[in-house]
Amino acid sequence: MPGELESDVARNLRGIFTEVLQVEVPPDGTGLVSKGLIDSLALVELLFQIELRFEVTVDFEQLESHDFETLEAIEELIVRSPTSRPAVVQTQAGWTPSSPAPPP
């Protein structure tokens with residue numbers, strides 16, 4: 001999945017995994033929960049980072065474990081968020097945890 005065809009959202013998600021969670025995502029972006037790459041504490045940090053970087057609100061009551069199994073599923077979670085905006089796709093490349101939140 002990495003490469004030219006990967007969306008800005010997926011690239012930004014890979015950045016969260018690498019820079020913040022210190023987890024190397026498999027090239028196909030699958031098995032994140034089932035292979036034990038992320039645990040419950042990492043999921044909390046992931047949700048925090050998603051809300052911060054993509055300026056969306058995640059509906060915790062609607063979450064299922066399969067929403068975090070692949071990068072594609074997480075991307076879909078972001079896009080289907082009721083607060084998602086077209087700007088979600090135009091995320092800041094190179095954003096780091098020490099950077100201010102991306103502009104709206």
# chains A, B, ... in the order shown; residues from 1 in each chain; ligands from 1
$ residues_around --residues "Ile78 (chain A)" --least-positions-apart "4" --cutoff "8 Å" --atoms "only C-alpha atoms" --output "MDAnalysis selection string"
chainID A and resid 50 54 56 58 74 84
$ write_last_selection --atoms "N, CA and C atoms" --output "tab-separated table (two decimals), in the first residue's frame"
chain	number	residue	atom	x	y	z
A	50	ILE	N	-5.64	10.90	15.92
A	50	ILE	CA	-6.58	11.02	14.80
A	50	ILE	C	-7.44	12.28	14.99
A	54	PHE	N	-6.53	15.15	12.27
A	54	PHE	CA	-7.54	15.23	11.20
A	54	PHE	C	-8.72	16.10	11.57
A	56	VAL	N	-11.25	15.64	13.54
A	56	VAL	CA	-12.52	14.92	13.51
A	56	VAL	C	-12.84	14.47	14.93
A	58	VAL	N	-14.32	11.24	16.87
A	58	VAL	CA	-14.62	9.83	16.70
A	58	VAL	C	-15.75	9.45	17.64
A	74	ILE	N	-8.97	2.18	9.26
A	74	ILE	CA	-8.81	3.41	10.07
A	74	ILE	C	-9.10	4.63	9.20
A	84	SER	N	-16.06	14.93	9.76
A	84	SER	CA	-15.05	14.92	8.70
A	84	SER	C	-15.36	16.00	7.67
$ residues_around --residues "Phe68 (chain A)" --least-positions-apart "3" --cutoff "12 Å" --atoms "only C-alpha atoms" --output "PyMOL selection string"
chain A and resi 13+29-40+42-44+46-47+50+63-65+71-78
$ residues_around --residues "Gln62 (chain A)" --least-positions-apart "4" --cutoff "12 Å" --atoms "only C-alpha atoms" --output "JSON, numbers by chain"
{"A": [57, 58, 66, 67, 77, 80, 81, 82]}
$ select_by_dssp --residues "region 1-81 of chain A" --states "helix (DSSP H, G or I)" --output "JSON, numbers by chain"
{"A": [8, 9, 10, 11, 12, 13, 14, 15, 16, 17, 18, 19, 20, 40, 41, 42, 43, 44, 45, 46, 47, 48, 49, 50, 51, 52, 53, 54, 60, 61, 62, 65, 66, 67, 68, 71, 72, 73, 74, 75, 76, 77, 78, 79]}
$ closest_residue --among "A:Gln49, A:Phe60, A:Asp8, A:Leu41" --to "Val20 (chain A)" --atoms "only C-alpha atoms"
A:Gln49
$ atom_distance --atom1 "CA of Val25 (chain A)" --atom2 "CA of Arg11 (chain A)"
11.1 Å
